[in-house]
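A.B. asks: First the structure, which I've put down as structure tokens, then a few questions once you've had a look.
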4 protein chains.
Amino acid sequence: MKSLGVGLIGTGYMGKCHALAWNAVAPTFGDVVRPRLVHLAEITDELAARKAAEFGFAKASGDWRALVADPEVDIVSITTPNAFHAEMAIAALEAGKHVWCEKPMATALGDAEAMAEAARRSSQVTALGYNYIQNPALNHMKSLVDSGAIGVVNQIRIEMDEDFMADAAAPFGWKSAAGSGHGALDDFGVHPLSLLTVFFGRVARVVTDMAKPYPTRRTEDGTTRPVETADIANILFRLENGVGGTIQLSRSAWGRKGRIALQVFGSDGTILFDQERMNELQIYEARGPVASQGFRTILMGPSHPPYGRFVVAPGHGLGFNDLKVIEARVILRAVAGEPAHLIDFETGLSIERTVDAMARSFASGGWIDVSHS
Amino acid sequence: MKSLGVGLIGTGYMGKCHALAWNAVAPTFGDVVRPRLVHLAEITDELAARKAAEFGFAKASGDWRALVADPEVDIVSITTPNAFHAEMAIAALEAGKHVWCEKPMATALGDAEAMAEAARRSSQVTALGYNYIQNPALNHMKSLVDSGAIGVVNQIRIEMDEDFMADAAAPFGWKSAAGSGHGALDDFGVHPLSLLTVFFGRVARVVTDMAKPYPTRRTEDGTTRPVETADIANILFRLENGVGGTIQLSRSAWGRKGRIALQVFGSDGTILFDQERMNELQIYEARGPVASQGFRTILMGPSHPPYGRFVVAPGHGLGFNDLKVIEARVILRAVAGEPAHLIDFETGLSIERTVDAMARSFASGGWIDVSHS
Amino acid sequence: MKSLGVGLIGTGYMGKCHALAWNAVAPTFGDVVRPRLVHLAEITDELAARKAAEFGFAKASGDWRALVADPEVDIVSITTPNAFHAEMAIAALEAGKHVWCEKPMATALGDAEAMAEAARRSSQVTALGYNYIQNPALNHMKSLVDSGAIGVVNQIRIEMDEDFMADAAAPFGWKSAAGSGHGALDDFGVHPLSLLTVFFGRVARVVTDMAKPYPTRRTEDGTTRPVETADIANILFRLENGVGGTIQLSRSAWGRKGRIALQVFGSDGTILFDQERMNELQIYEARGPVASQGFRTILMGPSHPPYGRFVVAPGHGLGFNDLKVIEARVILRAVAGEPAHLIDFETGLSIERTVDAMARSFASGGWIDVSHS
Amino acid sequence: MKSLGVGLIGTGYMGKCHALAWNAVAPTFGDVVRPRLVHLAEITDELAARKAAEFGFAKASGDWRALVADPEVDIVSITTPNAFHAEMAIAALEAGKHVWCEKPMATALGDAEAMAEAARRSSQVTALGYNYIQNPALNHMKSLVDSGAIGVVNQIRIEMDEDFMADAAAPFGWKSAAGSGHGALDDFGVHPLSLLTVFFGRVARVVTDMAKPYPTRRTEDGTTRPVETADIANILFRLENGVGGTIQLSRSAWGRKGRIALQVFGSDGTILFDQERMNELQIYEARGPVASQGFRTILMGPSHPPYGRFVVAPGHGLGFNDLKVIEARVILRAVAGEPAHLIDFETGLSIERTVDAMARSFASGGWIDVSHS
């Protein structure tokens, strides 16, 4: 395997996560050639140079197009604000680069469609940064489900809650303006949908309610302004395979910091997961004496790959950033032509279309079918 | 205060709970005159006599009408199968007795309406056996909410799950037949609605999905029969005060034994409760330094009345049956003309009408307004 | 089975618990003749009469010796302050009554020895009110251990913590005076020892440390007084069968309300229990694929006798007072000559002797052998 | 700040952790100059070269002395088996390098003394790899304690449990041979002691019990061999400041994977921590209305430095390996002459001496004073 040349656009929090992942993937996994950190782009030459030194990249540019044109770059990490994703990703694909783009895909459904179209025209790997799906706990859940541990799945509940918008006294910010989207629905909804889609199947029908806990917020100039997005969204859904369930989203849920709580009910058992305790999985198996049945809390360990690549002892815990390192490994696998557990632009588009149907359901007040093509 | 004469109809599980409550209410509370256990009715003289001896009742009848006619009886506990509630309750009210009737109110909305009408014509106390609302933890939740601990409530989620129908191999039983009602919706839905109604307000609008995890079940004669009720129901709702939320119900949720999980979100905090840990309440208050904020698990104790009437030390735990003793005390208070925290036939009717609207929403496929009159 | 005549001495908290148990045991279990509540004794005629009416007893006396002499009384419940236990229990045994006496047995080792001696001379049933051992969760633990679910037990840890002495500003009370005993060691230590003794075996050797978190306390007259008892005690122990472990006791452990946390380690698994969640038991079994192993939380239900006598559905929860009802049933069984799971005066004496050895170990500063005869 | 030249000896699990930390420290913290990965040593040239490529080091040697002699190396990471620590660390110090050495310090107390002596003679930074002390949760605990949140600490309990020796059927391995030390006492004991020492003070007196759950183990050749080390150790201790408590250690505790459970009791509250949920801290503060008091679970977030350097949102979780990155940052701070929260060779020696006293207490059967000089 030859070393892959990496380009990184953007050095905000997600840019840093990509940089950490590219630095860590070879020592962590020990089975890949260490990627070359070739080129970093930021909005000024100065910032690019400073971050390149910090992150370990050889070249730095104030112009992302120089990076895309760099023949030493094989793969481009795109971690800029969402509005730039489409232009950059399409340019990179057209330049023959693989693309690892942060989610959500784009700020408009049309842009997401253009990205998927560009991916279809290309033979390169595309990947969206849905890192939650890389959690060994969730992959263990998937293998348990596939092995029949809980029988036939018949109901799924997902809650995603944080509290960064919960303070009624916080000033009006861009996330409260209509330009940012619908609110929790797209800000958060894509994460539960990424889990549903890759682990259980595509969504067929939805009905949605949305709510604004604070109808107005104060502005910096001392007046108030009506809030245009909904911090809360509740959805009833049916998957294409008939399985039903609920999605509950809130970015104004005091006390919830990174909750993605999943309840999967089957004909022979139940599985529970909560991202706030991301190293644990709970399973109830309706087997053996009733007196001994109960929810079993499984702590992640080396028997849950690739946990053992990070820590040799069980129960010591992975962190959120480690998921990005796993994602980097998965992408290297995809680039090498192996089957890879990731969300490419095509699947990403399906998620965007589901969010769009949810929004239309709220507007229309009834059930909406999701169009996946 | 003079001693109240008690009549008990029915000696199944709920009959036993009433008997235990009537035996325990005076020693437990120490502030009420011990009720006289006057008369017990069952379907045969023999069974009635045996149970009267066991439960401590003085008289026994194989005919409930004799009990209703007994001048020594002041209050009638009705714990028979639901189909008998209306006839017995109305007869008892017309005989001038107070009535403590188990939930659900009746098997048909018309019967519930007749019961409420009889209550309106009477000056007696009516009470439905919604004992979950008597939990000191929930009453502490209510006082916290009322005191502004979590600010203005803006979202409520309730899940009620058990697993007694979860076994796909279990034979077709009466709960799978249409005659038993809609399924989880009315079998379970009345409990979350009792909590919503007395603590947060009446439901105004709903949209419902329902599901049958097992479309057929085997019968005793070796064939299979289509299941006519839905073990799973999901509801989006809005209260009359505008607060929205979700109700999620399943009686096929493996591993859930008595889960009634409540999440109440407010502008200044969040409260969590789960009936499976009925002696605990969790609260997150968005006050003080962010670094010190978190969900606080409050163990019930003497500072949460009437816990201290049962146990003098905190954290030692009440049981499910103790809730019935509290309910008996509340009813004695109502009979004495004091304000009482209970669900009377009028409020019970409102709950039945909400369930009815939920069922109609599923049939129609859209939002339905609840008619409360 | 003929009905047993009950006498009750004392109507404080424990007296009330006995009264509730005697009222509830027949309706709850349905397989015993309802005991007759014959006679209640208190320190004045007036209090006795009032409590007899409240608790449902037929006769009342201001003199406990009248109760002991009452030929209608078959069993005497002794729930008076500990200093009176020996005199009353011995008198009742000598009058041919069965005795159910609250723990601890006595305030001096000599008294406990006299009680055990009186029991040996009698053919009556003696029982000490160690109700924690009646918890279905602990009895399920015992049956799991006996069935080999965790293999050979090799280590046991017990913590018992409450916080009623934790407030440094609380005034000097009788529990801080030497006359009350050693402190947490005997106030609390008897409970862990009751669990160890009946479930795992007698203690052979101990080494003890004790501590006073607050060396002085203020008195009502505004001065301070040195604290004479230790709110904290830590013990290393070995059982007669060689199994080792720790006992950790504190009555100044802020936040702990009724914690009795048990950790039992074996060659094939581990069992955990905490009285603050008394309806749960956790077990880890080292069986099957490592990737699926974890601690399983078992919620008590009808498959854990006698839970089902209280509630027909699992996961609904027993309360602390229900343990006393189970204890009453066990005592009725013992009176009927059946094998019974209880702590009689002989076993109680063994517990008292272990506490005494613990205290002597702290005084001597080293390991002490417990003398059980 | 100039870039520090790093040398790494050893590439086992801990070597990998050091490599990951040196790669990640600059992007993560953004306030340090990226260290230069200068030189890596392993037992053969070939292995050294392969690992250098994987870990990103420029030079590779099969001889660690070449690395120590390399003038470009400023700091040496020592991650070899414990028996080599002393020789390598002393050589590196004598060559004027800073030293970051994995724990435990050495396999003999004399070696640890020699290392501390070499450190005293040098002006370089020494640090032992006690990474648990770097957890933001524990540092938040420390700041809460220092701020008086729980008043005056009066009792501490620490349990450290894993289950890698719990399988009775596992063959005799080197950890069961006397040459490996005492068993859990030194294998595990150093970790609780690192927490005690840096957060609460040095240990003054101890009494120890130790146990072998499996007295023999089978060998590869089909016979059995007596186990020479104790998988279980229990210690009662007193700190120099008088605070007492317990240390409980087991490497045969089925189901425990990485448990380091800390209970800190104070005059105004209690703090709990468990390494298996390393992103959480629980605190009970005895303030405000009793009815509202409870254990508060604080999820780590940006308000708990340096969490925010890893993830911008709270509740998303650090992993075990992240602690090593924090440790690298602390060492860079020490090298820069700033106050640093680490365990140097002097403090490390104090820990080793405490372990030695614990072992002697078991041999002598009584309390032993720890000699810290």
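Residues are named by chain letter and number: chains run A, B, ... in the order of the structure tokens, numbers start at 1 in each chain, and ligands are numbered from 1 in the order shown.
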Got a sec to pull out which chain A residues are within 6 Å of chain D, counting only C-alpha atoms, and send them as a list in words?
C.D. replies: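 Therefore, the residues near the partner are Ala26, Pro27, Arg34, Glu54, Phe55, Lys257, Gly258, Glu276, Pro314, Gly315, His316, Gly317, Leu318, Gly319 and Phe320 of chain A.
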A.B. asks: Output as number ranges by chain all residues of range 256-317 of chain C that backbone DSSP marks as strand (DSSP E or B).
C.D. replies: C: 259-266, 269-274, 280-285, 295-299
A.B. asks: Nearest residue to Glu113 in chain A out of A:Ala58, A:Val325, A:Val370, A:Leu349, using only C-alpha atoms?
C.D. replies: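 Closest residue, counting only C-alpha atoms: A:Leu349.
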A.B. asks: Could you state the separation of CA of Ala48 in chain C and CA of Thr79 in chain C in Å, given to one decimal place?
C.D. replies: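 Pair CA of Ala48 in chain C / CA of Thr79 in chain C returns 13.7 Å.
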A.B. asks: Residues within 7 Å of Thr270 in chain B, please, as a list of chain:residue names. Count only C-alpha atoms; anything in the same chain fewer than 5 positions from it doesn't count.
C.D. replies: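 Contacts, in chain order: A:Trp254, A:Gly255, B:Ile150, B:Val264, B:Phe265, B:Ile283, B:Tyr284, B:Glu285.
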A.B. asks: Produce a file of the selected residues containing N, CA and C atoms, as a PDB file, in the first residue's frame.
C.D. replies:
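Ended up saving to out_16.pdb:
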```pdb
ATOM      1  N   TRP A 254     -32.448  21.018  28.457  1.00  0.00           N
ATOM      2  CA  TRP A 254     -31.507  21.271  29.554  1.00  0.00           C
ATOM      3  C   TRP A 254     -30.966  19.971  30.153  1.00  0.00           C
ATOM      4  N   GLY A 255     -29.671  19.904  30.263  1.00  0.00           N
ATOM      5  CA  GLY A 255     -29.041  18.764  30.923  1.00  0.00           C
ATOM      6  C   GLY A 255     -28.554  17.701  29.961  1.00  0.00           C
TER       7      GLY A 255
ATOM      8  N   ILE B 150     -37.897  24.375  37.202  1.00  0.00           N
ATOM      9  CA  ILE B 150     -37.429  24.168  35.821  1.00  0.00           C
ATOM     10  C   ILE B 150     -38.034  25.211  34.879  1.00  0.00           C
ATOM     11  N   VAL B 264     -39.640  15.833  31.396  1.00  0.00           N
ATOM     12  CA  VAL B 264     -40.314  17.129  31.366  1.00  0.00           C
ATOM     13  C   VAL B 264     -39.259  18.215  31.187  1.00  0.00           C
ATOM     14  N   PHE B 265     -39.317  18.900  30.061  1.00  0.00           N
ATOM     15  CA  PHE B 265     -38.332  19.925  29.746  1.00  0.00           C
ATOM     16  C   PHE B 265     -38.912  21.312  29.988  1.00  0.00           C
ATOM     17  N   ILE B 283     -33.482  15.721  38.563  1.00  0.00           N
ATOM     18  CA  ILE B 283     -33.704  17.094  38.135  1.00  0.00           C
ATOM     19  C   ILE B 283     -32.392  17.735  37.726  1.00  0.00           C
ATOM     20  N   TYR B 284     -32.463  18.466  36.637  1.00  0.00           N
ATOM     21  CA  TYR B 284     -31.332  19.293  36.192  1.00  0.00           C
ATOM     22  C   TYR B 284     -31.797  20.731  36.280  1.00  0.00           C
ATOM     23  N   GLU B 285     -31.081  21.518  37.053  1.00  0.00           N
ATOM     24  CA  GLU B 285     -31.418  22.934  37.175  1.00  0.00           C
ATOM     25  C   GLU B 285     -30.289  23.754  36.572  1.00  0.00           C
TER      26      GLU B 285
END
```
A.B. asks: Between A:Asp167, A:Asp111, A:Asp146, A:Asp274, which one has atoms that come closest to Ala86 in chain A, using only C-alpha atoms?
C.D. replies: A:Asp111
A.B. asks: So that I can check the surroundings of Ile43 in chain A, please list as number ranges by chain every protein, DNA and RNA residue that reaches within 10 Å of it, counting only C-alpha atoms and ignoring chain neighbours fewer than 4 positions away.
C.D. replies: A: 9-11, 47-48, 61-64
A.B. asks: Given the selection you just returned, output its residues as a file containing C-alpha atoms, formatted as a PDB file, in the first residue's frame.
C.D. replies:
```
ATOM      1  CA  ILE A   9      -9.472  22.535   3.978  1.00  0.00           C
ATOM      2  CA  GLY A  10     -10.602  24.242   7.150  1.00  0.00           C
ATOM      3  CA  THR A  11      -9.086  24.172  10.644  1.00  0.00           C
ATOM      4  CA  LEU A  47      -3.469  31.164   9.275  1.00  0.00           C
ATOM      5  CA  ALA A  48      -2.786  28.292   6.896  1.00  0.00           C
ATOM      6  CA  SER A  61      -2.244  27.847   1.161  1.00  0.00           C
ATOM      7  CA  GLY A  62      -4.657  30.735   1.606  1.00  0.00           C
ATOM      8  CA  ASP A  63      -6.534  29.434  -1.460  1.00  0.00           C
ATOM      9  CA  TRP A  64      -8.290  26.075  -1.321  1.00  0.00           C
TER      10      TRP A  64
END
```
A.B. asks: Would you kindly return, as a list in words, each protein, DNA or RNA residue with an atom no farther than 6 Å from any atom of range 239-245 of chain C, considering only C-alpha atoms and excluding same-chain residues fewer than 4 positions away?
C.D. replies: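 Result of the neighbour search: Asn154, Gln155, Ile156, Arg157, Arg202, Val203 and Ala204 of chain C.
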A.B. asks: Write to file, as an mmCIF file, in the first residue's frame, the residues of the selection just made, with all heavy atoms.
C.D. replies:
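Saved file out.cif follows:
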```
data_model
loop_
_atom_site.group_PDB
_atom_site.id
_atom_site.type_symbol
_atom_site.label_atom_id
_atom_site.label_comp_id
_atom_site.auth_asym_id
_atom_site.auth_seq_id
_atom_site.Cartn_x
_atom_site.Cartn_y
_atom_site.Cartn_z
ATOM 1 N N ASN C 154 -15.283 -16.020 46.386
ATOM 2 C CA ASN C 154 -13.942 -15.844 46.939
ATOM 3 C C ASN C 154 -13.684 -14.491 47.582
ATOM 4 O O ASN C 154 -12.608 -14.281 48.165
ATOM 5 C CB ASN C 154 -12.871 -16.151 45.878
ATOM 6 C CG ASN C 154 -13.051 -15.303 44.633
ATOM 7 O OD1 ASN C 154 -13.217 -14.104 44.706
ATOM 8 N ND2 ASN C 154 -13.029 -15.943 43.458
ATOM 9 N N GLN C 155 -14.641 -13.591 47.498
ATOM 10 C CA GLN C 155 -14.418 -12.264 48.095
ATOM 11 C C GLN C 155 -15.760 -11.552 48.225
ATOM 12 O O GLN C 155 -16.614 -11.640 47.326
ATOM 13 C CB GLN C 155 -13.493 -11.429 47.202
ATOM 14 C CG GLN C 155 -13.060 -10.087 47.758
ATOM 15 C CD GLN C 155 -12.030 -10.177 48.895
ATOM 16 O OE1 GLN C 155 -11.750 -9.186 49.535
ATOM 17 N NE2 GLN C 155 -11.487 -11.357 49.148
ATOM 18 N N ILE C 156 -15.931 -10.857 49.345
ATOM 19 C CA ILE C 156 -17.195 -10.156 49.606
ATOM 20 C C ILE C 156 -16.898 -8.765 50.144
ATOM 21 O O ILE C 156 -16.091 -8.600 51.059
ATOM 22 C CB ILE C 156 -18.040 -10.931 50.643
ATOM 23 C CG1 ILE C 156 -18.378 -12.341 50.125
ATOM 24 C CG2 ILE C 156 -19.325 -10.172 50.983
ATOM 25 C CD1 ILE C 156 -18.958 -13.268 51.180
ATOM 26 N N ARG C 157 -17.555 -7.785 49.581
ATOM 27 C CA ARG C 157 -17.467 -6.417 50.112
ATOM 28 C C ARG C 157 -18.872 -5.950 50.470
ATOM 29 O O ARG C 157 -19.796 -6.092 49.676
ATOM 30 C CB ARG C 157 -16.897 -5.444 49.074
ATOM 31 C CG ARG C 157 -15.496 -5.761 48.635
ATOM 32 C CD ARG C 157 -15.019 -4.743 47.602
ATOM 33 N NE ARG C 157 -13.781 -5.190 46.985
ATOM 34 C CZ ARG C 157 -13.348 -4.818 45.788
ATOM 35 N NH1 ARG C 157 -14.067 -3.967 45.066
ATOM 36 N NH2 ARG C 157 -12.216 -5.273 45.314
ATOM 37 N N ARG C 202 -20.231 -17.695 58.990
ATOM 38 C CA ARG C 202 -19.851 -16.885 60.144
ATOM 39 C C ARG C 202 -18.457 -16.283 59.986
ATOM 40 O O ARG C 202 -17.583 -16.835 59.316
ATOM 41 C CB ARG C 202 -19.893 -17.739 61.405
ATOM 42 C CG ARG C 202 -21.325 -18.170 61.757
ATOM 43 C CD ARG C 202 -21.439 -18.649 63.179
ATOM 44 N NE ARG C 202 -20.493 -19.712 63.491
ATOM 45 C CZ ARG C 202 -20.574 -20.452 64.583
ATOM 46 N NH1 ARG C 202 -21.555 -20.241 65.458
ATOM 47 N NH2 ARG C 202 -19.695 -21.388 64.809
ATOM 48 N N VAL C 203 -18.258 -15.157 60.650
ATOM 49 C CA VAL C 203 -16.973 -14.446 60.599
ATOM 50 C C VAL C 203 -16.007 -15.078 61.593
ATOM 51 O O VAL C 203 -16.367 -15.344 62.741
ATOM 52 C CB VAL C 203 -17.181 -12.961 60.942
ATOM 53 C CG1 VAL C 203 -15.844 -12.237 61.024
ATOM 54 C CG2 VAL C 203 -18.093 -12.311 59.905
ATOM 55 N N ALA C 204 -14.771 -15.282 61.124
ATOM 56 C CA ALA C 204 -13.765 -15.927 61.975
ATOM 57 C C ALA C 204 -12.764 -14.929 62.559
ATOM 58 O O ALA C 204 -12.364 -15.050 63.716
ATOM 59 C CB ALA C 204 -13.010 -16.983 61.178
#
```
A.B. asks: So, counting only C-alpha atoms, which residue among B:Glu46, B:Glu159, B:Glu102, B:Asp70 is closest to Leu193 in chain B?
C.D. replies: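 Closest to Leu193 in chain B, using only C-alpha atoms: B:Glu159.
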A.B. asks: What is the CA of Gly266 in chain A to CA of Ala253 in chain B distance in Å?
C.D. replies: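 Computing the Euclidean distance for CA of Gly266 in chain A and CA of Ala253 in chain B yields 7.8 Å.
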A.B. asks: For the structure I just gave you, how does DSSP split range 69-302 of chain A - specifically, which residues are alpha helix (DSSP H)? Reply as a count of residues only.
C.D. replies: 49
A.B. asks: Just want the 8 Å neighbourhood of Leu128 in chain D, counted on only C-alpha atoms, with same-chain residues fewer than 3 positions away dropped. Output as number ranges by chain.
C.D. replies: D: 100-105, 342-345, 348
A.B. asks: Distance CA of Ser267 in chain C-CA of Pro213 in chain D, one decimal place?
C.D. replies: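 Between CA of Ser267 in chain C and CA of Pro213 in chain D the gap works out to 7.6 Å.
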